[in-house]
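Shown here: query.cif, mmCIF, C-alpha atoms.
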data_work
#
loop_
_atom_site.label_atom_id
_atom_site.label_comp_id
_atom_site.auth_asym_id
_atom_site.auth_seq_id
_atom_site.Cartn_x
_atom_site.Cartn_y
_atom_site.Cartn_z
CA MET A 247 -70.35 -44.42 29.67
CA ILE A 248 -71.20 -41.12 31.39
CA GLU A 249 -69.09 -42.12 34.45
CA LYS A 250 -66.09 -42.84 32.19
CA LEU A 251 -66.45 -39.45 30.48
CA GLN A 252 -66.67 -37.71 33.86
CA ALA A 253 -63.59 -39.58 35.11
CA LYS A 254 -61.70 -38.63 31.95
CA LYS A 255 -62.77 -34.99 32.38
CA LYS A 256 -61.53 -34.98 36.00
CA MET A 257 -58.19 -36.49 34.90
CA ILE A 258 -57.70 -33.77 32.26
CA ILE A 259 -58.52 -31.04 34.80
CA GLY A 260 -56.10 -32.56 37.31
CA VAL A 261 -53.27 -32.77 34.77
CA THR A 262 -53.88 -29.18 33.68
CA ALA A 263 -53.87 -27.95 37.28
CA GLY A 264 -50.66 -29.88 37.95
CA VAL A 265 -48.96 -28.32 34.94
CA LEU A 266 -49.99 -24.85 36.10
CA VAL A 267 -48.85 -25.47 39.68
CA PHE A 268 -45.52 -27.04 38.75
CA GLY A 269 -44.96 -24.41 36.06
CA GLY A 270 -45.59 -21.65 38.59
CA GLY A 271 -43.42 -23.45 41.15
CA GLY A 272 -40.61 -23.81 38.64
CA TYR A 273 -40.77 -20.15 37.83
CA TYR A 274 -40.85 -19.36 41.56
CA TYR A 275 -37.76 -21.53 42.12
CA ALA A 276 -35.97 -19.86 39.21
CA ALA A 277 -36.89 -16.42 40.52
CA GLN A 278 -35.65 -17.29 44.04
CA HIS A 279 -32.34 -18.64 42.85
CA ALA A 280 -31.75 -16.18 40.04
CA LYS A 281 -28.70 -14.02 40.55
CA PRO A 282 -30.03 -10.58 41.47
CA THR A 283 -28.85 -7.45 39.74
CA VAL A 284 -27.05 -5.09 42.10
CA ASP A 285 -26.11 -1.48 41.74
CA HIS A 286 -22.78 0.09 42.77
CA THR A 287 -23.91 0.14 46.42
CA GLY A 288 -24.54 -3.58 46.44
CA HIS A 289 -28.39 -3.33 46.71
CA GLN A 290 -30.61 -5.42 44.49
CA THR A 291 -32.35 -3.20 41.92
CA THR A 292 -35.05 -5.46 40.35
CA THR A 293 -37.20 -8.49 41.24
CA PRO A 294 -39.16 -10.55 38.67
CA VAL A 295 -42.27 -10.83 40.83
CA MET A 296 -43.32 -8.87 43.88
CA ALA A 297 -46.58 -9.23 45.79
CA MET A 298 -47.82 -6.93 48.52
CA GLY A 299 -51.28 -7.84 49.77
CA ASP A 300 -53.66 -7.84 46.81
CA THR A 301 -51.19 -6.06 44.51
CA VAL A 302 -48.82 -8.04 42.28
CA THR A 303 -45.99 -6.56 40.22
CA LEU A 304 -44.48 -8.49 37.30
CA ASP A 305 -41.54 -7.38 35.24
CA ALA A 306 -41.56 -7.75 31.45
CA LYS A 307 -39.89 -11.16 31.47
CA ALA A 308 -42.25 -12.50 34.13
CA ARG A 309 -45.25 -11.30 32.15
CA GLN A 310 -43.93 -12.95 29.03
CA LEU A 311 -43.21 -16.26 30.75
CA SER A 312 -46.59 -16.25 32.49
CA GLY A 313 -48.48 -15.42 29.30
CA VAL A 314 -50.30 -12.44 30.78
CA GLN A 315 -53.00 -11.00 28.53
CA THR A 316 -55.42 -8.17 29.20
CA ALA A 317 -58.65 -6.70 27.83
CA GLN A 318 -60.79 -3.67 28.53
CA ALA A 319 -64.22 -3.74 30.18
CA VAL A 320 -66.71 -2.40 27.64
CA VAL A 321 -70.43 -1.68 27.43
CA LYS A 322 -71.93 -4.18 25.01
CA ASP A 323 -75.31 -5.61 24.03
CA ILE A 324 -74.91 -9.37 24.24
CA MET A 325 -77.26 -12.18 23.33
CA LYS A 326 -77.48 -15.34 25.39
CA GLU A 327 -78.19 -18.53 23.49
CA ILE A 328 -79.84 -21.48 25.20
CA LYS A 329 -79.55 -24.80 23.41
CA THR A 330 -81.62 -27.71 24.60
CA THR A 331 -83.56 -30.71 23.37
CA GLY A 332 -87.24 -31.47 23.54
CA LYS A 333 -89.95 -33.92 22.63
CA LEU A 334 -92.99 -33.23 20.46
CA ALA A 335 -96.41 -34.10 21.80
CA MET A 336 -100.01 -33.82 20.64
CA ASN A 337 -101.85 -30.58 21.20
CA GLU A 338 -104.19 -31.53 24.05
CA SER A 339 -106.57 -28.69 23.22
CA GLY A 340 -107.08 -30.28 19.79
CA ARG A 341 -108.09 -33.75 21.03
CA THR A 342 -111.75 -34.73 20.63
CA TYR A 343 -114.12 -37.70 20.61
CA LEU A 344 -116.73 -38.39 17.96
CA THR A 345 -119.84 -39.67 19.72
CA SER A 346 -123.24 -40.96 18.77
CA ARG A 347 -126.47 -38.97 19.27
CA VAL A 348 -128.81 -41.93 18.77
CA GLU A 349 -129.13 -45.44 20.01
CA GLY A 350 -128.90 -48.31 17.56
CA ARG A 351 -126.78 -50.96 15.87
CA VAL A 352 -123.70 -49.97 13.91
CA ASP A 353 -124.03 -51.74 10.58
CA GLU A 354 -121.16 -50.03 8.74
CA LEU A 355 -118.08 -47.95 9.57
CA TYR A 356 -116.73 -45.72 6.82
CA VAL A 357 -113.42 -45.02 8.62
CA THR A 358 -111.78 -48.28 9.61
CA ALA A 359 -108.13 -47.62 10.57
CA ASP A 360 -106.19 -45.55 13.08
CA GLY A 361 -104.22 -42.71 11.54
CA GLU A 362 -106.82 -41.84 8.89
CA TYR A 363 -107.92 -38.24 8.63
CA ILE A 364 -111.59 -37.31 9.17
CA ALA A 365 -112.80 -33.99 7.81
CA PRO A 366 -115.53 -32.01 9.56
CA GLY A 367 -118.94 -33.14 8.24
CA GLN A 368 -117.59 -36.40 6.80
CA ALA A 369 -119.84 -39.50 6.99
CA ILE A 370 -118.32 -41.97 9.45
CA ALA A 371 -120.96 -44.67 10.13
CA ALA A 372 -124.37 -46.05 9.24
CA VAL A 373 -126.57 -46.95 12.23
CA TYR A 374 -129.87 -48.82 12.30
CA SER A 375 -131.83 -46.77 14.83
CA PRO A 376 -135.52 -47.23 15.69
CA THR A 377 -135.43 -43.82 17.34
CA TYR A 378 -134.34 -42.19 14.09
CA ILE A 379 -137.04 -44.00 12.13
CA ALA A 380 -139.73 -42.93 14.60
CA THR A 381 -138.56 -39.31 14.51
CA GLN A 382 -138.78 -39.26 10.70
CA GLU A 383 -142.31 -40.67 10.80
CA GLU A 384 -143.32 -38.08 13.37
CA TYR A 385 -142.07 -35.30 11.15
CA LEU A 386 -143.91 -36.68 8.11
CA LEU A 387 -147.12 -36.87 10.17
CA THR A 388 -146.87 -33.21 11.16
CA LEU A 389 -146.31 -32.27 7.52
CA GLU A 390 -149.52 -34.09 6.55
CA ASN A 391 -151.50 -32.37 9.32
CA VAL A 392 -150.28 -28.95 8.24
CA GLN A 393 -151.26 -29.68 4.66
CA LYS A 394 -154.69 -31.16 5.47
CA LEU A 395 -155.70 -28.52 8.02
CA GLN A 396 -154.32 -25.46 6.33
CA ASN A 397 -157.87 -24.10 5.91
CA ALA A 398 -158.87 -24.72 9.54
CA GLY A 399 -159.06 -22.06 12.17
CA LYS A 400 -156.14 -19.83 12.95
CA ASP A 401 -155.40 -21.52 16.26
CA VAL A 402 -155.35 -25.00 14.70
CA VAL A 403 -153.00 -23.88 11.94
CA GLN A 404 -150.60 -22.34 14.48
CA ILE A 405 -150.61 -25.51 16.60
CA ASN A 406 -149.91 -27.71 13.58
CA ASN A 407 -147.07 -25.43 12.45
CA ARG A 408 -145.50 -25.55 15.90
CA LEU A 409 -145.75 -29.36 15.98
CA ARG A 410 -144.09 -29.53 12.57
CA ASP A 411 -141.27 -27.23 13.67
CA ALA A 412 -140.77 -29.27 16.87
CA ALA A 413 -140.51 -32.52 14.89
CA LYS A 414 -138.01 -30.94 12.51
CA ARG A 415 -136.01 -29.69 15.50
CA LYS A 416 -135.78 -33.28 16.82
CA LEU A 417 -134.15 -34.37 13.56
CA GLN A 418 -131.73 -31.47 13.72
CA LEU A 419 -130.77 -32.39 17.30
CA LEU A 420 -129.93 -35.88 16.06
CA ASN A 421 -127.41 -34.13 13.74
CA VAL A 422 -129.43 -34.87 10.60
CA PRO A 423 -128.33 -32.39 7.87
CA ASP A 424 -130.88 -29.98 6.48
CA SER A 425 -130.31 -31.50 3.05
CA GLU A 426 -131.55 -34.88 4.28
CA ILE A 427 -134.55 -33.28 5.97
CA ALA A 428 -135.42 -31.58 2.69
CA HIS A 429 -135.03 -34.92 0.88
CA LEU A 430 -137.39 -36.50 3.43
CA GLU A 431 -139.96 -33.76 2.83
CA HIS A 432 -139.73 -34.39 -0.90
CA THR A 433 -139.83 -38.21 -0.92
CA ARG A 434 -142.04 -38.66 2.17
CA THR A 435 -140.18 -41.97 2.75
CA PRO A 436 -138.23 -42.53 6.03
CA LYS A 437 -134.77 -44.15 5.87
CA ASP A 438 -133.89 -47.33 7.76
CA HIS A 439 -130.31 -46.27 8.58
CA MET A 440 -129.05 -43.01 9.97
CA ILE A 441 -125.79 -41.69 8.58
CA ILE A 442 -123.63 -40.23 11.34
CA TYR A 443 -121.45 -37.28 10.35
CA ALA A 444 -118.30 -36.03 12.09
CA GLN A 445 -118.86 -32.94 14.22
CA PHE A 446 -115.08 -32.28 14.27
CA GLY A 447 -112.11 -32.99 12.06
CA GLY A 448 -108.79 -34.60 12.94
CA THR A 449 -106.55 -37.64 12.72
CA VAL A 450 -107.93 -40.89 14.15
CA LEU A 451 -105.95 -41.92 17.19
CA GLU A 452 -108.19 -44.83 18.12
CA LYS A 453 -111.28 -46.49 16.69
CA GLN A 454 -113.55 -47.18 19.65
CA LEU A 455 -115.98 -49.75 18.17
CA LEU A 456 -116.54 -52.38 15.49
CA PRO A 457 -119.41 -53.03 13.06
CA GLY A 458 -122.31 -54.78 14.79
CA ALA A 459 -121.82 -52.97 18.09
CA PHE A 460 -124.86 -51.44 19.78
CA ILE A 461 -124.38 -47.85 20.80
CA MET A 462 -126.19 -45.42 23.02
CA PRO A 463 -126.29 -41.61 22.91
CA GLY A 464 -122.91 -40.27 24.10
CA ASP A 465 -120.93 -43.44 23.34
CA LYS A 466 -117.46 -42.79 21.88
CA MET A 467 -116.92 -43.85 18.31
CA TYR A 468 -113.50 -42.35 17.40
CA SER A 469 -110.72 -40.55 19.27
CA LEU A 470 -109.29 -37.69 17.19
CA SER A 471 -106.44 -35.22 17.43
CA ASP A 472 -105.80 -32.09 15.43
CA LEU A 473 -102.14 -32.46 14.38
CA SER A 474 -102.00 -29.16 12.52
CA THR A 475 -100.42 -27.78 15.71
CA LEU A 476 -98.16 -29.64 18.12
CA TRP A 477 -96.75 -29.00 21.57
CA LEU A 478 -93.01 -29.14 22.22
CA TYR A 479 -91.76 -29.65 25.76
CA ILE A 480 -88.23 -28.44 26.52
CA ASP A 481 -86.22 -28.38 29.77
CA ILE A 482 -84.67 -25.10 30.88
CA TYR A 483 -82.13 -25.02 33.72
CA GLU A 484 -83.04 -22.87 36.70
CA LYS A 485 -80.14 -20.48 36.06
CA ASP A 486 -81.68 -19.59 32.67
CA ILE A 487 -85.40 -19.60 33.48
CA ALA A 488 -85.51 -15.87 34.36
CA GLY A 489 -85.00 -15.03 30.68
CA ILE A 490 -87.87 -17.18 29.39
CA LYS A 491 -91.11 -15.25 28.78
CA LEU A 492 -94.55 -16.15 27.42
CA GLY A 493 -94.75 -15.48 23.71
CA GLN A 494 -91.00 -15.86 23.20
CA ARG A 495 -89.94 -17.35 19.86
CA VAL A 496 -88.10 -20.67 19.79
CA ALA A 497 -86.15 -22.02 16.79
CA VAL A 498 -86.45 -25.78 16.28
CA THR A 499 -84.49 -28.20 14.10
CA SER A 500 -85.00 -31.91 13.56
CA GLY A 501 -82.69 -34.65 12.40
CA ALA A 502 -85.50 -35.84 10.15
CA TYR A 503 -85.26 -32.66 8.07
CA PRO A 504 -81.59 -31.56 7.88
CA GLY A 505 -81.07 -27.93 6.98
CA GLU A 506 -84.67 -26.96 7.73
CA ALA A 507 -85.80 -24.78 10.62
CA PHE A 508 -89.17 -24.63 12.34
CA SER A 509 -90.38 -22.11 14.86
CA GLY A 510 -92.70 -22.03 17.84
CA GLN A 511 -93.88 -19.81 20.63
CA VAL A 512 -93.70 -20.28 24.41
CA THR A 513 -97.25 -20.74 25.72
CA PHE A 514 -96.70 -22.20 29.19
CA ILE A 515 -93.97 -22.26 31.87
CA ASN A 516 -94.36 -24.92 34.52
CA PRO A 517 -94.60 -23.26 37.96
CA VAL A 518 -92.82 -26.21 39.62
CA LEU A 519 -89.09 -26.98 39.33
CA ASP A 520 -88.09 -30.61 38.79
CA ASP A 521 -86.05 -31.44 41.88
CA ALA A 522 -84.15 -34.30 40.22
CA THR A 523 -82.97 -32.50 37.08
CA ARG A 524 -83.08 -28.91 38.40
CA THR A 525 -84.97 -27.87 35.27
CA VAL A 526 -88.30 -26.24 34.48
CA LYS A 527 -90.58 -27.71 31.82
CA VAL A 528 -91.52 -25.16 29.15
CA ARG A 529 -94.23 -25.76 26.54
CA VAL A 530 -93.83 -24.40 23.01
CA GLU A 531 -96.72 -24.40 20.54
CA MET A 532 -95.70 -25.10 16.94
CA SER A 533 -97.57 -25.04 13.67
CA ASN A 534 -97.29 -28.27 11.70
CA PRO A 535 -98.19 -27.61 8.06
CA GLY A 536 -98.53 -30.79 6.09
CA GLY A 537 -98.10 -32.91 9.22
CA ARG A 538 -94.36 -33.25 8.68
CA LEU A 539 -93.57 -33.13 12.38
CA LYS A 540 -94.73 -36.16 14.32
CA PRO A 541 -95.68 -36.51 17.98
CA ASN A 542 -92.94 -38.17 20.09
CA MET A 543 -90.15 -36.86 17.81
CA PHE A 544 -87.01 -35.58 19.55
CA VAL A 545 -85.85 -32.19 18.27
CA ASN A 546 -83.28 -29.50 19.07
CA ALA A 547 -84.42 -26.13 20.37
CA ASN A 548 -82.61 -22.81 20.39
CA VAL A 549 -83.74 -19.82 22.46
CA GLN A 550 -82.18 -16.37 22.01
CA LEU A 551 -82.26 -14.17 25.12
CA PRO A 552 -81.29 -10.50 24.56
CA LEU A 553 -79.54 -9.23 27.71
CA GLY A 554 -79.33 -5.55 26.75
CA ASP A 555 -76.44 -3.12 27.20
CA SER A 556 -74.18 -3.75 30.20
CA VAL A 557 -70.53 -3.69 31.24
CA VAL A 558 -68.91 -6.94 30.12
CA ILE A 559 -65.50 -8.59 30.27
CA PRO A 560 -64.21 -11.90 28.83
CA GLU A 561 -65.24 -14.97 30.80
CA SER A 562 -61.59 -15.98 31.28
CA SER A 563 -61.08 -12.88 33.45
CA ILE A 564 -63.18 -14.29 36.29
CA LEU A 565 -61.72 -16.33 39.14
CA ASP A 566 -64.62 -18.04 40.90
CA SER A 567 -63.82 -19.30 44.39
CA GLY A 568 -67.42 -20.22 45.10
CA SER A 569 -68.05 -17.42 47.57
CA ARG A 570 -66.23 -14.70 45.63
CA LYS A 571 -65.87 -13.58 42.02
CA ILE A 572 -62.43 -12.00 41.49
CA VAL A 573 -60.69 -10.12 38.69
CA PHE A 574 -57.23 -8.57 38.45
CA VAL A 575 -57.31 -4.96 37.32
CA ALA A 576 -54.22 -3.57 35.56
CA GLN A 577 -53.11 -0.35 37.29
CA SER A 578 -50.12 -0.04 34.99
CA GLU A 579 -48.23 -2.19 32.55
CA ASP A 580 -46.66 -4.28 35.32
CA THR A 581 -48.96 -3.82 38.35
CA PHE A 582 -52.22 -5.77 38.92
CA VAL A 583 -54.70 -5.43 41.79
CA LYS A 584 -57.20 -8.05 42.94
CA ARG A 585 -60.81 -6.86 43.04
CA ASP A 586 -64.17 -8.42 43.92
CA VAL A 587 -66.98 -8.07 41.37
CA VAL A 588 -70.67 -9.02 41.11
CA THR A 589 -71.38 -10.93 37.91
CA GLY A 590 -74.53 -11.50 35.86
CA GLN A 591 -75.22 -13.71 32.86
CA TYR A 592 -72.56 -15.44 30.74
CA ALA A 593 -73.02 -15.15 26.97
CA ASP A 594 -70.98 -14.96 23.76
CA GLY A 595 -67.74 -15.52 25.71
CA TYR A 596 -68.47 -12.53 27.96
CA VAL A 597 -69.84 -12.07 31.47
CA GLN A 598 -71.95 -9.19 32.71
CA ILE A 599 -70.48 -7.08 35.53
CA PHE A 600 -73.08 -5.51 37.81
CA SER A 601 -70.65 -3.87 40.25
CA GLY A 602 -66.95 -3.69 41.10
CA LEU A 603 -65.73 -2.67 37.67
CA GLN A 604 -66.32 0.22 35.30
CA ALA A 605 -66.16 0.46 31.54
CA GLY A 606 -62.68 1.36 30.32
CA GLU A 607 -60.77 -0.45 33.08
CA THR A 608 -58.33 -3.15 31.99
CA VAL A 609 -58.47 -6.66 33.41
CA VAL A 610 -56.23 -9.70 33.09
CA THR A 611 -57.72 -12.37 30.82
CA ALA A 612 -54.91 -14.95 30.87
CA ALA A 613 -52.61 -16.17 33.68
CA THR A 614 -55.06 -14.95 36.33
CA PHE A 615 -54.55 -18.17 38.29
CA LEU A 616 -50.77 -17.70 38.45
CA ILE A 617 -51.11 -14.05 39.48
CA ASP A 618 -53.61 -14.97 42.17
CA SER A 619 -51.22 -17.61 43.50
CA GLN A 620 -48.64 -14.88 44.19
CA THR A 621 -51.05 -13.05 46.50
CA LYS A 622 -51.32 -16.27 48.52
CA LEU A 623 -47.63 -17.20 48.47
CA GLY A 624 -46.54 -13.67 49.33
CA SER A 625 -43.87 -11.60 47.59
CA PHE A 626 -41.17 -13.97 46.48
CA GLY A 627 -37.90 -12.30 45.54
CA SER A 628 -38.57 -9.35 47.87
CA HIS A 629 -35.83 -10.50 50.27
CA ALA A 630 -33.48 -11.93 47.70
CA GLY A 631 -31.05 -9.05 48.20
CA HIS A 632 -30.78 -9.50 51.99
CA GLY A 633 -29.83 -12.95 53.09
CA GLY A 634 -29.26 -14.48 56.50
CA GLY A 635 -26.18 -12.33 57.08
CA ALA A 636 -28.37 -9.34 57.82
CA ALA A 637 -28.99 -10.72 61.28
CA LYS A 638 -25.30 -10.88 61.94
CA GLU A 639 -24.78 -7.25 60.92
CA THR A 640 -27.11 -5.93 63.53
CA SER A 641 -25.97 -7.94 66.54
CA ALA A 642 -22.56 -7.98 68.19
CA PRO A 643 -20.92 -11.25 69.23
CA ALA A 644 -21.42 -12.16 72.87
CA PRO A 645 -18.40 -11.60 75.20
CA VAL A 646 -16.48 -14.64 76.34
CA ASN A 647 -16.06 -15.20 80.14
CA GLY A 648 -17.02 -11.60 80.73
CA THR A 649 -13.80 -10.23 79.19
CA ASN A 650 -13.91 -7.17 77.03
CA SER A 651 -17.41 -6.60 78.25
CA GLY A 652 -17.00 -2.88 77.85
CA ALA A 653 -15.23 -3.03 74.53
CA ALA A 654 -17.00 -2.13 71.36
CA ALA A 655 -18.17 -4.93 69.16
CA PRO A 656 -15.75 -5.86 66.39
CA ALA A 657 -16.54 -4.37 62.99
CA PRO A 658 -18.07 -6.70 60.41
CA ALA A 659 -16.02 -8.04 57.58
CA SER A 660 -15.32 -5.63 54.78
CA GLY A 661 -17.98 -5.49 52.08
CA SER A 662 -20.50 -7.54 54.06
CA GLU A 663 -22.67 -4.58 55.03
CA HIS A 664 -24.35 -4.19 51.65
CA SER A 665 -23.26 -7.28 49.84
CA GLY A 666 -26.59 -8.95 50.12
CA HIS A 667 -24.96 -12.11 51.59
CA GLY A 668 -24.73 -13.17 55.22
CA GLY A 669 -21.40 -13.49 56.90
CA GLN A 670 -19.85 -16.84 56.66
#
Target encoding structure tokens, full file:
Amino acid sequence: MIEKLQAKKKMIIGVTAGVLVFGGGGYYYAAQHAKPTVDHTGHQTTTPVMAMGDTVTLDAKARQLSGVQTAQAVVKDIMKEIKTTGKLAMNESGRTYLTSRVEGRVDELYVTADGEYIAPGQAIAAVYSPTYIATQEEYLLTLENVQKLQNAGKDVVQINNRLRDAAKRKLQLLNVPDSEIAHLEHTRTPKDHMIIYAQFGGTVLEKQLLPGAFIMPGDKMYSLSDLSTLWLYIDIYEKDIAGIKLGQRVAVTSGAYPGEAFSGQVTFINPVLDDATRTVKVRVEMSNPGGRLKPNMFVNANVQLPLGDSVVIPESSILDSGSRKIVFVAQSEDTFVKRDVVTGQYADGYVQIFSGLQAGETVVTAATFLIDSQTKLGSFGSHAGHGGGAAKETSAPAPVNGTNSGAAAPAPASGSEHSGHGGQ
């Protein structure tokens, strides 16, 4: 499909170029064969088109037929707009694992499906853990010793208090809430199952185990991601990358929410250019209130690049030969001069001019191709008033058999000297 579109585009360009060439050639033919206007001396007084080096002169009719249009170079603050597409991805800095801190058998999972949301501190599993039971019993034993030996010597009381605090610390390191420790102190009855609580919140990407599994400290139970913020990756062409800065705002729209706009901020610019696509990957961080945006969505991105005040001219004024950027500057109403310029960014239908042109000068914006062709073809019509007979006026006929060798050359026919036509 892409190849067909490219072939169609090339065909349209070829037809357009042919029309321009044949149109210019037809006008050239008409100008060559048009009957010149002569004054009372017989000299031609006007030519439709005249080219001398890089200067082209067009009379009023030639300008009208060619469709010449002009515009002034002005100083203007222009804004470049970059439109591209991108793909949403999960915020890698918000991805976490919920792990176990004890060994034991998982008897119950309270979160059973991928995609569910887990809040920080939410109960996620019940684990039968001999380690947890032993730690509870150790803590209860230290509580009894503190109570029984509270009237002992000072050193004994301090040791018992330190043992109690150490046992309580073990429970806290197992992520047992203080409320459960207080309940244990009140009831003095250890629990058979340890309730595991989420250290972090997020959306479940993957459940790592099933009920009945035996886990060890550090084993993964759930894979989570915080989807309140997402990352958007967009591709910026190398010609535009100079305008992209960290912290720059990016407007985003999605086909899933017509008429709505989202925004993000550039947080990373890949230091390596993709050699295949000639683009640079740029990461945009976006807030995602309510989780409306989904990872792997395709969206449209719009970046506004302010270019500041600079001399600008319409884009149509530029003739780009690959090695040169050329404009035609109007010296008068009918005279145009070719000039090289150094261009900058293209935006809003204008192009920045860094050198070669000053504000206030007038440039050709239409028919630049036809005018440029005259500088290559030379000045047609400049010899229309002096045909091949001019050569005969300036040379005498050769003598025949040496006779009349000293006689003056015969005078040319009457009226041929300035008629503009060669002798016949």
Item checked: Result set of the PyMOL selection byres ((chain A and resi 350) around 6) on the coordinates above, as a ChimeraX atom specification -> /A:349,351,373-375,460-461
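From atom CA of Gly595 of chain A back to atom CA of Ala297 of chain A, the distance works out to 29.8 Å.
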inquiry  = Need to verify the contact set: Ser469 of chain A, 7 Å, only C-alpha atoms, exclusion of same-chain residues closer than 2 positions in sequence. Can you return it as a list of chain:residue names?
reply    = A:Thr342, A:Tyr343, A:Leu344, A:Val450, A:Leu451, A:Glu452, A:Lys453
Would you mind listing what lies within 10 Å of Met543 of chain A as a PyMOL selection string, with only C-alpha atoms counted and same-chain residues fewer than 6 positions away left out?
chain A and resi 332-335+478+500-502
Using only the atoms of segment 397-410 of chain A listed in the file, plus 5 Å on each side, state the axis-aligned box centre and edge lengths in Å rounded to one decimal, as JSON.
{"center_x": -151.6, "center_y": -24.7, "center_z": 11.3, "size_x": 25.0, "size_y": 19.7, "size_z": 20.7}
Separating atom CA of Asn406 of chain A from atom CA of His432 of chain A, to the nearest tenth of an Å, is a gap of 18.9 Å
Output the residue selection produced by the PyMOL selection byres ((chain A and resi 371) around 10) on the file above, formatted as a PyMOL selection string. chain A and resi 346+352-358+368-370+372-373+439-444+457+467
Within 10 Å of segment 311-326 of chain A, counting all atoms listed in the file, which residues qualify if same-chain residues fewer than 5 places away don't, as a PDB file with C-alpha atoms, in the frame of the given file?
ATOM      1  CA  LEU A 266     -49.990 -24.850  36.100  1.00  0.00           C
ATOM      2  CA  GLY A 269     -44.960 -24.410  36.060  1.00  0.00           C
ATOM      3  CA  GLY A 270     -45.590 -21.650  38.590  1.00  0.00           C
ATOM      4  CA  TYR A 273     -40.770 -20.150  37.830  1.00  0.00           C
ATOM      5  CA  LEU A 304     -44.480  -8.490  37.300  1.00  0.00           C
ATOM      6  CA  ALA A 306     -41.560  -7.750  31.450  1.00  0.00           C
ATOM      7  CA  ASP A 486     -81.680 -19.590  32.670  1.00  0.00           C
ATOM      8  CA  GLY A 489     -85.000 -15.030  30.680  1.00  0.00           C
ATOM      9  CA  VAL A 549     -83.740 -19.820  22.460  1.00  0.00           C
ATOM     10  CA  GLN A 550     -82.180 -16.370  22.010  1.00  0.00           C
ATOM     11  CA  LEU A 551     -82.260 -14.170  25.120  1.00  0.00           C
ATOM     12  CA  PRO A 552     -81.290 -10.500  24.560  1.00  0.00           C
ATOM     13  CA  LEU A 553     -79.540  -9.230  27.710  1.00  0.00           C
ATOM     14  CA  GLY A 554     -79.330  -5.550  26.750  1.00  0.00           C
ATOM     15  CA  ASP A 555     -76.440  -3.120  27.200  1.00  0.00           C
ATOM     16  CA  SER A 556     -74.180  -3.750  30.200  1.00  0.00           C
ATOM     17  CA  VAL A 557     -70.530  -3.690  31.240  1.00  0.00           C
ATOM     18  CA  VAL A 558     -68.910  -6.940  30.120  1.00  0.00           C
ATOM     19  CA  ILE A 559     -65.500  -8.590  30.270  1.00  0.00           C
ATOM     20  CA  PRO A 560     -64.210 -11.900  28.830  1.00  0.00           C
ATOM     21  CA  SER A 563     -61.080 -12.880  33.450  1.00  0.00           C
ATOM     22  CA  PHE A 574     -57.230  -8.570  38.450  1.00  0.00           C
ATOM     23  CA  VAL A 575     -57.310  -4.960  37.320  1.00  0.00           C
ATOM     24  CA  ALA A 576     -54.220  -3.570  35.560  1.00  0.00           C
ATOM     25  CA  GLU A 579     -48.230  -2.190  32.550  1.00  0.00           C
ATOM     26  CA  GLN A 591     -75.220 -13.710  32.860  1.00  0.00           C
ATOM     27  CA  TYR A 592     -72.560 -15.440  30.740  1.00  0.00           C
ATOM     28  CA  ALA A 593     -73.020 -15.150  26.970  1.00  0.00           C
ATOM     29  CA  ASP A 594     -70.980 -14.960  23.760  1.00  0.00           C
ATOM     30  CA  GLY A 595     -67.740 -15.520  25.710  1.00  0.00           C
ATOM     31  CA  TYR A 596     -68.470 -12.530  27.960  1.00  0.00           C
ATOM     32  CA  VAL A 597     -69.840 -12.070  31.470  1.00  0.00           C
ATOM     33  CA  GLN A 598     -71.950  -9.190  32.710  1.00  0.00           C
ATOM     34  CA  ILE A 599     -70.480  -7.080  35.530  1.00  0.00           C
ATOM     35  CA  LEU A 603     -65.730  -2.670  37.670  1.00  0.00           C
ATOM     36  CA  GLN A 604     -66.320   0.220  35.300  1.00  0.00           C
ATOM     37  CA  ALA A 605     -66.160   0.460  31.540  1.00  0.00           C
ATOM     38  CA  GLY A 606     -62.680   1.360  30.320  1.00  0.00           C
ATOM     39  CA  GLU A 607     -60.770  -0.450  33.080  1.00  0.00           C
ATOM     40  CA  THR A 608     -58.330  -3.150  31.990  1.00  0.00           C
ATOM     41  CA  VAL A 609     -58.470  -6.660  33.410  1.00  0.00           C
ATOM     42  CA  VAL A 610     -56.230  -9.700  33.090  1.00  0.00           C
ATOM     43  CA  THR A 611     -57.720 -12.370  30.820  1.00  0.00           C
ATOM     44  CA  ALA A 612     -54.910 -14.950  30.870  1.00  0.00           C
ATOM     45  CA  ALA A 613     -52.610 -16.170  33.680  1.00  0.00           C
ATOM     46  CA  THR A 614     -55.060 -14.950  36.330  1.00  0.00           C
ATOM     47  CA  LEU A 616     -50.770 -17.700  38.450  1.00  0.00           C
ATOM     48  CA  ILE A 617     -51.110 -14.050  39.480  1.00  0.00           C
TER      49      ILE A 617
END
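Note that the spacing between atom CA of Ile515 of chain A and atom CA of Asn542 of chain A amounts to 19.8 Å.
Closest approach to Gln494 of chain A from the set A:Asn548, A:Ser562, A:Thr377, A:Asn516 is made by A:Asn548, with distances taken over only C-alpha atoms.
Of the residues under consideration (A:Asn407, A:Gly299, A:Tyr378, A:Ala308), A:Asn407 shows the shortest atom-to-atom contact distance to Asn391 of chain A when counting only C-alpha atoms.
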Handout entry: Selection result of the PyMOL selection byres ((chain A and resi 480) around 8) on this file, as number ranges by chain
Key = A: 330-333, 478-479, 481-482, 527-530, 547
Residue with the minimum atom-to-atom distance to Asn546 of chain A, picked from A:Leu386, A:Leu456, A:Val295, A:Ile328 with only C-alpha atoms counted, is A:Ile328
task: Go ahead and find all residues with at least one atom no further than 8 Å from (-80.2, -27.5, 32.7) in the file's coordinates, using only C-alpha atoms; report them as an NGL selection string.
output: :A and (481-485 or 523-525)
